[in-house]
$ cat query.cif   # mmCIF, C-alpha atoms
data_start
#
loop_
_atom_site.label_atom_id
_atom_site.label_comp_id
_atom_site.auth_asym_id
_atom_site.auth_seq_id
_atom_site.Cartn_x
_atom_site.Cartn_y
_atom_site.Cartn_z
CA MET A 1 0.00 0.00 0.00
CA LYS A 2 2.83 2.40 0.87
CA THR A 3 4.53 1.53 -2.40
CA LEU A 4 1.34 2.26 -4.32
CA PHE A 5 0.89 5.58 -2.50
CA ALA A 6 4.52 6.54 -3.19
CA LEU A 7 4.06 5.60 -6.84
CA PHE A 8 0.92 7.74 -7.04
CA LEU A 9 2.71 10.73 -5.50
CA PHE A 10 5.58 10.32 -7.94
CA VAL A 11 3.30 10.09 -10.96
CA ALA A 12 1.06 12.94 -9.81
CA THR A 13 3.92 15.31 -9.22
CA ALA A 14 6.23 14.31 -12.05
CA SER A 15 6.16 16.90 -14.81
CA PRO A 16 7.24 16.84 -18.42
CA LEU A 17 9.53 19.49 -19.87
CA VAL A 18 8.31 22.91 -18.77
CA ALA A 19 9.07 26.21 -20.51
CA ASP A 20 11.38 28.40 -18.44
CA GLU A 21 9.39 31.61 -18.72
CA PRO A 22 5.64 31.96 -18.17
CA LEU A 23 3.43 33.66 -20.73
CA HIS A 24 1.46 36.74 -19.71
CA LEU A 25 -2.12 37.73 -20.47
CA THR A 26 -3.92 40.78 -19.10
CA LEU A 27 -7.59 41.71 -19.04
CA ARG A 28 -7.70 45.47 -19.57
CA ASP A 29 -10.60 47.67 -20.71
CA HIS A 30 -12.73 44.56 -21.37
CA LYS A 31 -10.12 43.12 -23.75
CA PHE A 32 -7.40 40.54 -23.47
CA VAL A 33 -3.94 42.03 -24.02
CA PRO A 34 -2.49 40.62 -26.16
CA GLU A 35 -5.45 39.08 -27.99
CA GLN A 36 -3.11 36.54 -29.56
CA ILE A 37 -0.52 34.69 -27.51
CA GLU A 38 2.17 32.51 -29.01
CA ALA A 39 3.27 29.41 -27.13
CA PRO A 40 5.84 26.71 -27.88
CA ALA A 41 4.64 23.35 -29.15
CA HIS A 42 5.29 20.09 -27.30
CA VAL A 43 6.27 21.86 -24.09
CA LYS A 44 4.28 22.44 -20.93
CA PHE A 45 4.04 26.12 -20.05
CA ARG A 46 2.42 28.41 -17.49
CA LEU A 47 0.10 31.22 -18.49
CA LEU A 48 -0.23 34.06 -15.99
CA ILE A 49 -3.58 35.85 -16.27
CA LYS A 50 -3.90 39.30 -14.69
CA ASN A 51 -7.23 41.00 -14.24
CA GLU A 52 -6.96 44.78 -14.33
CA GLY A 53 -10.72 45.16 -14.71
CA ASP A 54 -13.24 45.96 -12.03
CA SER A 55 -15.14 42.65 -12.10
CA ALA A 56 -14.18 38.99 -11.89
CA ILE A 57 -13.38 37.12 -15.08
CA GLU A 58 -13.57 33.40 -15.80
CA TRP A 59 -10.88 32.63 -18.35
CA GLU A 60 -11.79 29.52 -20.29
CA ILE A 61 -10.42 27.46 -23.17
CA ASP A 62 -12.86 24.77 -24.24
CA GLU A 63 -10.57 22.70 -26.44
CA LEU A 64 -8.21 22.15 -23.51
CA ASP A 65 -10.92 21.83 -20.85
CA ARG A 66 -9.32 24.47 -18.67
CA GLU A 67 -10.77 27.46 -16.81
CA GLU A 68 -9.64 29.89 -14.15
CA MET A 69 -11.49 32.48 -12.08
CA VAL A 70 -9.50 35.71 -11.67
CA GLU A 71 -10.72 38.37 -9.29
CA PRO A 72 -10.15 42.11 -9.95
CA GLY A 73 -6.53 43.05 -9.28
CA GLU A 74 -5.50 39.40 -9.06
CA GLU A 75 -3.02 37.40 -11.14
CA ARG A 76 -3.39 33.64 -11.42
CA GLY A 77 -1.49 30.98 -13.31
CA VAL A 78 -2.69 27.99 -15.32
CA PHE A 79 -0.57 25.14 -16.65
CA LEU A 80 -1.15 24.17 -20.26
CA GLY A 81 0.36 21.66 -22.67
CA PRO A 82 2.29 19.99 -24.04
CA LEU A 83 0.26 20.92 -27.13
CA GLU A 84 0.33 20.18 -30.82
CA PRO A 85 0.74 23.21 -33.12
CA GLY A 86 -2.57 24.93 -33.79
CA LYS A 87 -4.98 27.64 -32.70
CA TYR A 88 -6.93 27.42 -29.44
CA ARG A 89 -9.60 30.00 -28.72
CA PHE A 90 -10.11 31.35 -25.19
CA TYR A 91 -12.68 33.73 -23.75
CA ASP A 92 -14.04 35.26 -20.57
CA ASP A 93 -17.07 33.21 -19.63
CA ARG A 94 -18.54 36.14 -17.67
CA HIS A 95 -18.19 38.55 -20.59
CA GLN A 96 -18.40 36.19 -23.50
CA ALA A 97 -17.60 38.78 -26.18
CA THR A 98 -14.10 39.09 -24.67
CA LYS A 99 -12.01 36.61 -26.65
CA GLY A 100 -8.50 35.76 -27.73
CA THR A 101 -6.42 33.09 -29.40
CA LEU A 102 -3.57 30.92 -28.20
CA ILE A 103 -1.31 30.12 -31.15
CA VAL A 104 0.95 27.12 -30.57
CA LYS A 105 3.95 26.86 -32.92
CA MET B 1 -21.01 19.57 -10.57
CA LYS B 2 -19.72 20.28 -13.99
CA ARG B 3 -19.41 17.20 -16.16
CA ILE B 4 -20.25 14.95 -13.33
CA ILE B 5 -22.32 11.99 -14.30
CA THR B 6 -24.40 10.49 -11.59
CA ALA B 7 -26.15 7.56 -13.05
CA ALA B 8 -27.38 4.28 -11.81
CA LEU B 9 -27.53 0.73 -12.96
CA LEU B 10 -30.94 -0.68 -12.50
CA PHE B 11 -30.83 -4.39 -12.12
CA ALA B 12 -33.46 -6.84 -11.14
CA GLY B 13 -32.64 -8.25 -7.76
CA ALA B 14 -30.59 -5.28 -6.71
CA ALA B 15 -32.24 -4.09 -3.55
CA ARG B 16 -31.38 -0.53 -4.32
CA ALA B 17 -29.96 0.96 -7.44
CA ASP B 18 -26.20 1.15 -7.06
CA GLU B 19 -25.10 4.48 -8.36
CA LEU B 20 -22.31 5.14 -10.77
CA ARG B 21 -20.52 8.41 -11.08
CA LEU B 22 -17.95 10.01 -13.30
CA ILE B 23 -16.29 12.89 -11.54
CA SER B 24 -13.51 15.17 -12.67
CA PRO B 25 -11.16 16.46 -9.94
CA ASN B 26 -11.09 19.86 -11.62
CA GLU B 27 -14.83 20.52 -11.72
CA ILE B 28 -15.09 22.92 -8.83
CA ASP B 29 -17.84 25.44 -9.56
CA TYR B 30 -16.19 28.28 -7.65
CA ARG B 31 -18.38 31.40 -7.58
CA GLU B 32 -21.05 29.54 -9.52
CA ILE B 33 -24.22 27.66 -8.70
CA GLU B 34 -24.85 24.47 -10.60
CA ILE B 35 -28.33 23.08 -11.09
CA GLU B 36 -28.35 19.71 -12.73
CA HIS B 37 -30.87 17.13 -13.84
CA GLU B 38 -29.83 13.63 -14.79
CA GLY B 39 -31.76 10.69 -16.04
CA LEU B 40 -31.14 7.05 -16.78
CA ALA B 41 -33.29 4.43 -18.45
CA ALA B 42 -32.33 0.76 -18.67
CA PHE B 43 -33.69 -1.64 -21.28
CA ASP B 44 -33.43 -5.40 -21.47
CA HIS B 45 -35.16 -8.32 -23.20
CA SER B 46 -35.76 -9.86 -19.77
CA PRO B 47 -38.84 -8.27 -18.16
CA GLY B 48 -37.24 -8.51 -14.74
CA ARG B 49 -34.31 -6.41 -15.87
CA ASP B 50 -36.22 -3.99 -18.04
CA GLY B 51 -37.74 -0.64 -17.20
CA GLY B 52 -35.40 0.68 -14.54
CA ARG B 53 -35.31 4.47 -14.29
CA ILE B 54 -33.43 7.04 -12.24
CA TYR B 55 -34.09 10.77 -12.18
CA SER B 56 -32.04 13.15 -10.06
CA LEU B 57 -31.81 16.84 -9.25
CA ASP B 58 -28.55 18.23 -7.95
CA VAL B 59 -27.56 21.66 -6.62
CA GLY B 60 -23.96 22.53 -5.81
CA THR B 61 -21.29 25.19 -5.61
CA GLY B 62 -17.58 25.64 -5.03
CA ILE B 63 -16.91 26.94 -1.54
CA THR B 64 -13.30 27.63 -2.49
CA ARG B 65 -11.21 27.01 -5.61
CA TRP B 66 -10.47 23.49 -4.35
CA TRP B 67 -13.63 22.45 -2.42
CA HIS B 68 -17.03 21.72 -3.91
CA VAL B 69 -20.20 20.73 -2.06
CA GLY B 70 -23.58 19.63 -3.33
CA ALA B 71 -26.88 18.00 -2.48
CA GLU B 72 -28.94 15.67 -4.63
CA LEU B 73 -32.44 14.21 -4.62
CA ASP B 74 -33.08 10.94 -6.46
CA TYR B 75 -36.23 9.37 -7.82
CA GLU B 76 -36.12 5.76 -8.88
CA ARG B 77 -38.14 3.10 -10.59
CA GLU B 78 -36.55 -0.30 -10.03
CA ALA B 79 -36.29 -2.71 -12.94
CA GLY B 80 -39.09 -5.22 -13.37
CA PRO B 81 -42.81 -5.16 -14.06
CA ASP B 82 -45.29 -3.12 -12.03
CA ARG B 83 -42.69 -1.18 -10.06
CA PRO B 84 -43.58 2.29 -8.76
CA THR B 85 -41.53 5.43 -9.25
CA GLN B 86 -40.62 6.78 -5.84
CA ILE B 87 -38.14 8.92 -3.97
CA ASN B 88 -34.99 6.87 -3.61
CA GLY B 89 -33.02 9.11 -1.29
CA ALA B 90 -30.93 12.19 -0.88
CA GLN B 91 -27.20 12.70 -0.97
CA LEU B 92 -24.67 15.13 0.38
CA GLU B 93 -21.50 15.19 -1.70
CA THR B 94 -18.14 16.88 -1.54
CA LEU B 95 -15.10 17.04 -3.78
CA VAL B 96 -11.64 18.23 -2.77
CA ARG B 97 -9.12 19.01 -5.48
CA LEU B 98 -5.67 17.78 -4.44
CA THR B 99 -3.53 19.06 -7.31
CA GLU B 100 -3.23 22.17 -9.45
CA PRO B 101 -4.76 21.40 -12.87
CA GLY B 102 -2.12 20.46 -15.39
CA GLU B 103 0.86 20.97 -13.08
CA GLY B 104 1.72 17.32 -12.53
CA TRP B 105 1.43 14.32 -14.77
CA VAL B 106 -2.10 13.66 -13.56
CA ASP B 107 -4.69 15.73 -11.70
CA ALA B 108 -6.22 14.16 -8.60
CA GLY B 109 -9.08 14.74 -6.19
CA LEU B 110 -10.92 13.11 -3.32
CA TYR B 111 -14.67 12.59 -3.50
CA ALA B 112 -16.99 11.63 -0.63
CA GLU B 113 -20.73 11.22 -0.40
CA TYR B 114 -23.30 10.42 2.28
CA ASP B 115 -26.37 8.67 0.92
CA ARG B 116 -29.59 8.89 2.95
CA SER B 117 -32.18 6.35 1.91
CA ALA B 118 -35.81 7.35 1.81
CA LEU B 119 -36.93 3.74 2.10
CA HIS B 120 -35.22 2.82 5.39
CA SER B 121 -35.23 -0.94 5.01
CA ARG B 122 -32.55 -3.61 5.42
CA GLU B 123 -32.21 -3.77 1.65
CA ASN B 124 -32.25 0.01 1.23
CA PRO B 125 -29.83 1.34 3.82
CA ASP B 126 -27.96 4.57 4.19
CA GLY B 127 -24.37 4.51 2.99
CA VAL B 128 -21.14 6.36 2.40
CA LEU B 129 -18.92 6.41 -0.62
CA VAL B 130 -15.35 7.64 -0.92
CA GLY B 131 -12.99 7.55 -3.83
CA GLY B 132 -10.07 8.92 -5.76
CA VAL B 133 -10.79 10.81 -8.97
CA PHE B 134 -8.10 11.38 -11.59
CA LEU B 135 -7.81 13.33 -14.82
CA LYS B 136 -5.25 13.55 -17.59
CA ASP B 137 -5.39 16.01 -20.48
CA ILE B 138 -3.56 14.99 -23.62
CA GLY B 139 -3.79 17.70 -26.27
CA ARG B 140 -7.47 18.17 -27.12
CA THR B 141 -8.52 15.02 -25.28
CA THR B 142 -9.49 14.59 -21.63
CA HIS B 143 -9.35 11.26 -19.79
CA THR B 144 -11.01 10.70 -16.43
CA LEU B 145 -10.69 7.69 -14.10
CA ASP B 146 -12.62 7.27 -10.85
CA LEU B 147 -12.16 4.53 -8.24
CA PHE B 148 -14.88 4.31 -5.57
CA PHE B 149 -15.47 2.34 -2.39
CA ASN B 150 -19.01 2.16 -1.05
CA LYS B 151 -20.13 1.04 2.40
CA ALA B 152 -23.80 0.55 3.23
CA PHE B 153 -25.06 0.65 6.81
CA SER B 154 -27.18 -2.46 6.84
CA PRO B 155 -27.47 -5.45 9.18
CA ASP B 156 -27.71 -7.58 6.05
CA GLU B 157 -24.15 -8.78 5.31
CA ASP B 158 -24.90 -9.20 1.61
CA VAL B 159 -25.59 -5.48 1.44
CA SER B 160 -23.17 -4.12 4.00
CA GLY B 161 -19.80 -5.17 2.58
CA VAL B 162 -17.44 -2.61 1.13
CA ARG B 163 -17.99 -2.53 -2.62
CA PHE B 164 -15.73 -1.33 -5.39
CA SER B 165 -16.83 0.49 -8.51
CA TYR B 166 -15.06 2.39 -11.25
CA ALA B 167 -15.70 4.76 -14.11
CA TRP B 168 -13.74 5.89 -17.14
CA GLN B 169 -14.34 8.57 -19.75
CA SER B 170 -12.22 9.61 -22.72
CA ARG B 171 -13.47 12.77 -24.40
CA TRP B 172 -12.37 14.50 -27.59
CA ASN B 173 -12.82 18.26 -27.19
CA ILE B 174 -13.53 19.02 -30.85
CA TRP B 175 -15.99 21.86 -30.47
CA ARG B 176 -17.60 23.59 -27.52
CA GLN B 177 -21.09 22.55 -28.59
CA PHE B 178 -20.19 18.94 -29.36
CA ALA B 179 -17.46 16.79 -27.86
CA PRO B 180 -17.85 13.02 -28.31
CA ALA B 181 -16.77 10.65 -25.56
CA ILE B 182 -16.55 6.99 -24.68
CA GLU B 183 -17.57 5.94 -21.19
CA VAL B 184 -17.25 2.80 -19.09
CA PHE B 185 -18.98 2.16 -15.77
CA GLY B 186 -18.40 -0.98 -13.75
CA GLN B 187 -18.96 -2.60 -10.40
CA ALA B 188 -16.74 -5.39 -9.16
CA GLY B 189 -18.77 -6.35 -6.10
CA ARG B 190 -17.47 -6.67 -2.55
CA VAL B 191 -13.81 -5.95 -2.04
CA ASP B 192 -13.34 -9.11 0.01
CA GLN B 193 -15.41 -11.26 -2.36
CA PRO B 194 -15.11 -9.81 -5.87
CA ASP B 195 -17.68 -10.92 -8.42
CA ARG B 196 -16.61 -13.04 -11.34
CA PHE B 197 -16.39 -10.86 -14.45
CA GLU B 198 -19.62 -12.08 -16.01
CA ARG B 199 -21.48 -11.49 -12.73
CA GLY B 200 -20.10 -8.01 -12.34
CA GLN B 201 -21.85 -5.02 -13.80
CA LEU B 202 -20.25 -3.32 -16.76
CA ILE B 203 -21.77 -0.90 -19.26
CA ALA B 204 -19.95 1.11 -21.92
CA GLY B 205 -20.73 3.19 -24.94
CA PRO B 206 -20.64 6.50 -26.80
CA VAL B 207 -21.78 9.78 -25.29
CA ALA B 208 -22.22 13.25 -26.79
CA THR B 209 -21.28 16.19 -24.58
CA GLY B 210 -21.29 19.93 -25.15
CA THR B 211 -21.70 23.43 -23.80
CA PHE B 212 -23.76 26.42 -24.90
CA LEU B 213 -22.93 29.91 -23.66
CA LEU B 214 -25.93 31.87 -22.39
CA GLY B 215 -24.40 35.27 -21.74
CA PRO B 216 -25.09 36.58 -18.22
CA LEU B 217 -27.07 33.43 -17.40
CA GLY B 218 -23.90 31.37 -17.59
CA ARG B 219 -23.62 28.06 -19.41
CA LEU B 220 -25.81 25.14 -20.36
CA ARG B 221 -24.09 21.79 -20.51
CA TYR B 222 -25.53 18.57 -21.81
CA GLU B 223 -24.60 14.92 -22.06
CA ALA B 224 -26.52 12.16 -23.79
CA GLY B 225 -25.51 8.65 -24.67
CA TYR B 226 -26.28 4.99 -25.04
CA LEU B 227 -24.36 2.43 -23.01
CA PHE B 228 -24.26 -1.25 -23.93
CA GLY B 229 -24.28 -4.00 -21.33
CA ALA B 230 -21.03 -5.96 -21.47
CA THR B 231 -21.81 -8.73 -18.96
CA ASP B 232 -24.70 -11.05 -18.23
CA ALA B 233 -25.53 -9.07 -15.11
CA SER B 234 -25.89 -5.77 -16.97
CA PRO B 235 -28.98 -4.52 -18.81
CA SER B 236 -28.53 -4.83 -22.55
CA GLY B 237 -28.96 -1.09 -23.10
CA THR B 238 -28.94 2.06 -21.00
CA VAL B 239 -29.84 5.56 -22.13
CA ARG B 240 -28.55 8.37 -20.01
CA TRP B 241 -28.86 12.12 -20.23
CA LYS B 242 -27.86 15.18 -18.25
CA VAL B 243 -28.69 18.88 -18.46
CA GLU B 244 -26.81 21.33 -16.28
CA MET B 245 -26.95 25.07 -15.76
CA GLU B 246 -23.95 26.88 -14.33
CA ILE B 247 -25.01 30.28 -13.10
CA PRO B 248 -22.38 32.87 -12.12
CA LEU B 249 -22.59 34.35 -8.63
#
$ encode --input "query.cif" --output "structure tokens"
Amino acid sequence: MKTLFALFLFVATASPLVADEPLHLTLRDHKFVPEQIEAPAHVKFRLLIKNEGDSAIEWEIDELDREEMVEPGEERGVFLGPLEPGKYRFYDDRHQATKGTLIVK
Amino acid sequence: MKRIITAALLFAGAARADELRLISPNEIDYREIEIEHEGLAAFDHSPGRDGGRIYSLDVGTGITRWWHVGAELDYEREAGPDRPTQINGAQLETLVRLTEPGEGWVDAGLYAEYDRSALHSRENPDGVLVGGVFLKDIGRTTHTLDLFFNKAFSPDEDVSGVRFSYAWQSRWNIWRQFAPAIEVFGQAGRVDQPDRFERGQLIAGPVATGTFLLGPLGRLRYEAGYLFGATDASPSGTVRWKVEMEIPL
């Protein structure tokens, strides 16, 4: 049982290759800045989302089944990838006209 | 809870429908209220195994980013002829997320549930269920595995043993409105006396899932599928559906 638990901990915490620098995304004046983010293919990376607006946002990317609630003035990170090259659309679920694109190359 | 499937296998001879669930460790509806209806209908050529139904209504929310709570009310019609539809019971459920999504190789959570029977008989006891829930994203696909242990509080030893059940879903996130998936639900019987494979309960099949954005009202999620019985103890076909509203707070 201890061996199984140790194996689970190892597997759960082991990470593939991770990009050194996080990517940055800001919600400002009801828009994502930048609206297009470029990310490396086949590498896990961290996206830092900062909310400079006056209401909470719920950043969401359907194709990757990932979402994150970011309160006003807050910055939160999400781990994404490794991903195949392509375009992945994200949006603010609380203001659904606020959109952007993650471009993986 | 988002993309949580609470279904039930409805077998003749089963004193109470044993529930099946598919739970993602990352589905914490923080700052949202979820209202969810699920249904299940089992079909079989044998009259004693045909006609089972489950209908449920669930309300839940994320207390924090890593802790979700919910309550559920179940109606049931057991399989077999001339069975009534009645309140089956109520459940309190909680999910704790143990890992940051995507940070490690696999995401993990701990799920627990207290099941209060409305029937209060030896064959329909209260019970608790605990389990580990795991998720792995690979590109545009999402894979979920749940392992559950269920203990019923009954003086009847056939009912009271600790039972093991499992669920698996692999989903292809093609579009927001439509993401096909394959699901497997199984029960292996008592931990200390596992059923032989053909006597265990196993259903599997295709499911359509999707989400529609509703502006300030939030999101509407749906799931609908047909699961085939894979063992003699399973109904030959099971239709299941779910409709869920996620309303921002």
$ interface_residues --input "query.cif" --of "chain B" --to "chain A" --cutoff "7 Å" --atoms "all atoms listed in the file" --output "ChimeraX atom specification"
/B:101-107,139-140,173-176,215-216
$ resolve_selection --input "query.cif" --expression "the PyMOL selection byres ((chain B and resi 184) around 9)" --output "list in words"
Tyr166, Ala167, Trp168, Gln169, Ile182, Glu183, Phe185, Gly186, Leu202, Ile203, Ala204, Gly205 and Leu227 of chain B
$ atom_distance --input "query.cif" --atom1 "atom CA of Thr99 of chain B" --atom2 "atom CA of Ile138 of chain B"
16.8 Å
$ atom_distance --input "query.cif" --atom1 "atom CA of Gly210 of chain B" --atom2 "atom CA of Gln177 of chain B"
4.3 Å
$ resolve_selection --input "query.cif" --expression "the PyMOL selection byres ((chain B and resi 208) around 6)" --output "list in words"
Pro180, Val207, Thr209, Glu223 and Ala224 of chain B
$ residues_near_point --input "query.cif" --point "(-12.7, 14.9, -14.2)" --cutoff "10 Å" --atoms "all atoms listed in the file" --output "VMD selection string"
(chain A and resid 65) or (chain B and resid 2 to 4 22 to 28 107 to 109 133 to 137 142 to 146 168 to 169)
$ resolve_selection --input "query.cif" --expression "the PyMOL selection byres ((chain B and resi 117) around 10)" --output "list in words"
Arg16, Asp74, Ile87, Asn88, Gly89, Ala90, Gln91, Tyr114, Asp115, Arg116, Ala118, Leu119, His120, Ser121, Asn124, Pro125, Asp126 and Gly127 of chain B
$ decode --input "query.cif" --residues "segment 11-70 of chain B" --atoms "C-alpha atoms" --output "PDB file, in the first residue's frame"
ATOM      1  CA  PHE B  11     -30.830  -4.390 -12.115  1.00  0.00           C
ATOM      2  CA  ALA B  12     -33.456  -6.838 -11.140  1.00  0.00           C
ATOM      3  CA  GLY B  13     -32.642  -8.253  -7.764  1.00  0.00           C
ATOM      4  CA  ALA B  14     -30.591  -5.280  -6.705  1.00  0.00           C
ATOM      5  CA  ALA B  15     -32.243  -4.087  -3.547  1.00  0.00           C
ATOM      6  CA  ARG B  16     -31.384  -0.527  -4.322  1.00  0.00           C
ATOM      7  CA  ALA B  17     -29.962   0.960  -7.438  1.00  0.00           C
ATOM      8  CA  ASP B  18     -26.200   1.154  -7.063  1.00  0.00           C
ATOM      9  CA  GLU B  19     -25.105   4.476  -8.360  1.00  0.00           C
ATOM     10  CA  LEU B  20     -22.308   5.140 -10.767  1.00  0.00           C
ATOM     11  CA  ARG B  21     -20.521   8.413 -11.082  1.00  0.00           C
ATOM     12  CA  LEU B  22     -17.955  10.010 -13.304  1.00  0.00           C
ATOM     13  CA  ILE B  23     -16.286  12.888 -11.539  1.00  0.00           C
ATOM     14  CA  SER B  24     -13.508  15.169 -12.669  1.00  0.00           C
ATOM     15  CA  PRO B  25     -11.163  16.457  -9.936  1.00  0.00           C
ATOM     16  CA  ASN B  26     -11.093  19.865 -11.618  1.00  0.00           C
ATOM     17  CA  GLU B  27     -14.825  20.524 -11.722  1.00  0.00           C
ATOM     18  CA  ILE B  28     -15.087  22.918  -8.831  1.00  0.00           C
ATOM     19  CA  ASP B  29     -17.843  25.444  -9.555  1.00  0.00           C
ATOM     20  CA  TYR B  30     -16.195  28.276  -7.652  1.00  0.00           C
ATOM     21  CA  ARG B  31     -18.380  31.401  -7.581  1.00  0.00           C
ATOM     22  CA  GLU B  32     -21.052  29.542  -9.520  1.00  0.00           C
ATOM     23  CA  ILE B  33     -24.220  27.665  -8.698  1.00  0.00           C
ATOM     24  CA  GLU B  34     -24.849  24.473 -10.596  1.00  0.00           C
ATOM     25  CA  ILE B  35     -28.326  23.080 -11.085  1.00  0.00           C
ATOM     26  CA  GLU B  36     -28.354  19.710 -12.730  1.00  0.00           C
ATOM     27  CA  HIS B  37     -30.870  17.131 -13.843  1.00  0.00           C
ATOM     28  CA  GLU B  38     -29.830  13.627 -14.791  1.00  0.00           C
ATOM     29  CA  GLY B  39     -31.764  10.686 -16.041  1.00  0.00           C
ATOM     30  CA  LEU B  40     -31.142   7.054 -16.777  1.00  0.00           C
ATOM     31  CA  ALA B  41     -33.292   4.433 -18.450  1.00  0.00           C
ATOM     32  CA  ALA B  42     -32.332   0.764 -18.665  1.00  0.00           C
ATOM     33  CA  PHE B  43     -33.688  -1.645 -21.276  1.00  0.00           C
ATOM     34  CA  ASP B  44     -33.427  -5.400 -21.471  1.00  0.00           C
ATOM     35  CA  HIS B  45     -35.158  -8.318 -23.196  1.00  0.00           C
ATOM     36  CA  SER B  46     -35.755  -9.857 -19.774  1.00  0.00           C
ATOM     37  CA  PRO B  47     -38.838  -8.266 -18.161  1.00  0.00           C
ATOM     38  CA  GLY B  48     -37.236  -8.507 -14.737  1.00  0.00           C
ATOM     39  CA  ARG B  49     -34.306  -6.412 -15.869  1.00  0.00           C
ATOM     40  CA  ASP B  50     -36.219  -3.988 -18.035  1.00  0.00           C
ATOM     41  CA  GLY B  51     -37.743  -0.636 -17.197  1.00  0.00           C
ATOM     42  CA  GLY B  52     -35.403   0.684 -14.541  1.00  0.00           C
ATOM     43  CA  ARG B  53     -35.314   4.473 -14.291  1.00  0.00           C
ATOM     44  CA  ILE B  54     -33.427   7.044 -12.244  1.00  0.00           C
ATOM     45  CA  TYR B  55     -34.090  10.774 -12.179  1.00  0.00           C
ATOM     46  CA  SER B  56     -32.042  13.153 -10.062  1.00  0.00           C
ATOM     47  CA  LEU B  57     -31.805  16.836  -9.254  1.00  0.00           C
ATOM     48  CA  ASP B  58     -28.549  18.227  -7.950  1.00  0.00           C
ATOM     49  CA  VAL B  59     -27.559  21.661  -6.625  1.00  0.00           C
ATOM     50  CA  GLY B  60     -23.960  22.532  -5.805  1.00  0.00           C
ATOM     51  CA  THR B  61     -21.293  25.188  -5.610  1.00  0.00           C
ATOM     52  CA  GLY B  62     -17.578  25.640  -5.031  1.00  0.00           C
ATOM     53  CA  ILE B  63     -16.910  26.945  -1.537  1.00  0.00           C
ATOM     54  CA  THR B  64     -13.296  27.627  -2.490  1.00  0.00           C
ATOM     55  CA  ARG B  65     -11.210  27.008  -5.607  1.00  0.00           C
ATOM     56  CA  TRP B  66     -10.474  23.485  -4.352  1.00  0.00           C
ATOM     57  CA  TRP B  67     -13.630  22.455  -2.419  1.00  0.00           C
ATOM     58  CA  HIS B  68     -17.033  21.724  -3.907  1.00  0.00           C
ATOM     59  CA  VAL B  69     -20.198  20.725  -2.064  1.00  0.00           C
ATOM     60  CA  GLY B  70     -23.581  19.633  -3.334  1.00  0.00           C
TER      61      GLY B  70
END
